[in-house]
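I have placed the structure first, in the form of structure tokens, so that the comments after it can refer back to it.
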Amino acid sequence: MLSSILELLLVAASVTPALGFCGSHTHLQRRAEEGEAVPISTFGYIGDIGPHNWAALDAANSACATGTRQSPINMVEGQFQIVAGTDVTLTIPDQTEGIEFENLGTTVEGVMEGSGATMVLNGEEYELMQFHFHHPSEHLDNGTSIAMEMHMVFQTAEEQLAVIGVYVDLDTGVASAAAPAAKRRHPQPDHSLWKKQAEAVSQMQITAAADNGAVTSTMLETLFQSVEEIATPGTKVTTQPLIMSELVETLKLGNFEAYSGSLTTPPCSEGVNWMVATQRVQISTASFERVRNVVKFNSRFTQNALGSPNVVSLSAGAAAVAEPVAAA
Ligand SMILES: [Zn+2]
């Protein structure tokens with residue numbers, strides 16, 4: 001099945017060389033070489049090139065209109081199985097040199113291929129290829145959309161895909177309140193005091209995370225400081241150093257809601273192991289506005305419950321029935 005998907009993808013690549021999707025770097029375009037152009041996606045989220053019409057854009061995208069295990073879905077009981085965070089071995093080294101951050105036109109993506117980031121799930125080793133963002137969230141958390149969703153795309157040597165979805169919510173100011181207050185009290189702090197404060201904030205974040213509360217992500221705050229530099233599709237920038245361990249620790253404290261679904265972008269290939277984290281992360285409103293202004297709206301509509309008919313095929317059937325009535 002995977003090889004047939006790959007064949008389809010290769011056909012797609014020959015027809016639309018600029019094709020980009022959730023797994024674009026994963027399947028077709030290995031990490032962009034130094035100086036190589038960033039691929040700009042040919043699909044979109046609005047009008048003729050939007051998700052209702054993805055299947056019509058390319059024969060390779062037929063699963064978008066016919067697949068019965070399509071993502072994203074409404075994450076309600078019965079749709080997923082719980083996998084404990086401690087059962088997933090996630091290793092993401094801190095990126096001391098920064099990473100390449102690209103604007104694909106449909107999302108902004110951090111390139112991680114070759115960074116040494118891995119996940120071991122059910123005895124299978126996956127490599128983290130890239131992570132990117134959707135606004136608003138694509139999965140619904142029991143019917144509710146969240147401000148954003150991060151997708152961390154992993155792949156085995158056999159090209160089996162797994163994606164960790166992380167809801168990104170707005171910082172309510174609770175977890176990070178201590179740091180600015182401390183700054184005001186100590187305009188010229190000594191380093192040992194700062195170290196203690198950093199530990200205290202870190203401990204507070206871990207406590208909040210353990211209570212299933214969201215934690216403010218230093219990694220995302222740092223990453224999104226660069227997002228305005230890639231406001232134009234096709235551009236890229238090297239980020240500041242990224243501390244990845246914080247994200248890993250946060251995810252480990254929660255669970256994953258796991259199900260077998262699809263890519264949420266063309267060609268909507270199925271057989272993707274989805275793991276939606278119960279742990280959320282937070283960003284400041286200012287960071288949210290910066291990234292929102294660049295990615296605009298980039299969320300596929302919620303798909304039907306797993307195993308149910310594809311919503312696009314149902315709509316096509318309804319249109320076919322409605323047409324003679326309208327003509328009569
Ligand atoms: Zn995605």
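As shown in the structure tokens, the chain order sets the letters A, B, ...; within each chain, residues go from 1, and ligands are also counted from 1 in the order they appear.
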
Worksheet item: Would you name the residues within 9 Å of ligand 1, counting only C-alpha atoms and all ligand atoms, and put them as a count of residues only?
Response: 20

Practice prompt. Would you please give, as a PyMOL selection string, all residues of region 37-135 of chain A that DSSP assigns to strand (DSSP E or B) based on the backbone?
Written response: chain A and resi 74-75+81-84+89-91+95+100-103+108-111+118-121+124-134

Worksheet entry | Spatial neighbours of Arg290 (chain A), max dist 12 Å, only C-alpha atoms, sep filter under 2 positions, as a PyMOL selection string | chain A and resi 108+135+220-221+223-231+283-288+292-296

Item to complete: Write out as a VMD selection string which residues come within 10 Å of Asn61 (chain A) when counting only C-alpha atoms, dropping same-chain ones fewer than 2 positions away.
Response: chain A and resid 8 to 9 12 53 to 59 63 to 66 265 to 269

Those selected residues, please, written with C-alpha atoms and delivered as a short mmCIF file (atom, residue, chain, number, x, y, z; two decimals), in the first residue's frame.
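In the end it all went to out.cif:
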data_model
loop_
_atom_site.label_atom_id
_atom_site.label_comp_id
_atom_site.auth_asym_id
_atom_site.auth_seq_id
_atom_site.Cartn_x
_atom_site.Cartn_y
_atom_site.Cartn_z
CA LEU A 8 0.96 8.25 -6.75
CA LEU A 9 3.13 10.84 -5.07
CA ALA A 12 1.93 14.02 -8.53
CA ASN A 53 -11.93 20.89 -4.20
CA TRP A 54 -8.53 19.32 -3.50
CA ALA A 55 -9.42 16.09 -5.31
CA ALA A 56 -10.09 18.06 -8.51
CA LEU A 57 -6.64 19.68 -8.43
CA ASP A 58 -4.80 16.46 -9.20
CA ALA A 59 -5.72 12.82 -9.86
CA ALA A 63 -8.38 10.18 -1.30
CA CYS A 64 -9.30 13.74 -0.26
CA ALA A 65 -12.79 13.12 -1.67
CA THR A 66 -13.20 9.37 -1.20
CA THR A 265 -3.25 18.23 3.03
CA PRO A 266 -3.17 16.84 -0.54
CA PRO A 267 -2.82 14.03 -1.45
CA CYS A 268 -4.67 13.15 1.83
CA SER A 269 -2.93 9.73 1.95
#

Practice prompt. Quick one: pull the distance between CA of Gly78 (chain A) and CA of Thr278 (chain A), Å, one decimal.
Written response: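 Calculated distance between CA of Gly78 (chain A) and CA of Thr278 (chain A) is 15.6 Å.
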
Worksheet entry | Proximity to Gln81 (chain A) - best of A:Asn298, A:Thr118, A:Asn310, A:Asn255, only C-alpha atoms |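 Comparing A:Asn298, A:Thr118, A:Asn310, A:Asn255 against Gln81 (chain A), the winner is A:Asn255.
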
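The interatomic distance for the pair CA of Tyr45 (chain A) and CA of Gly317 (chain A) works out to 22.5 Å.
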
Practice prompt. For CA of Ile73 (chain A) and CA of Gln303 (chain A), determine how far apart the two atoms are, in Å to one decimal place.
Written response: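 CA of Gln303 (chain A) lies 5.2 Å from CA of Ile73 (chain A).
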
Item to complete: Considering only C-alpha atoms, state which residue in the set A:Thr144, A:Asp48, A:Glu257, A:Leu161 is at the smallest distance from Ile82 (chain A).
Response: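 Distance minimum relative to Ile82 (chain A) lands on A:Glu257.
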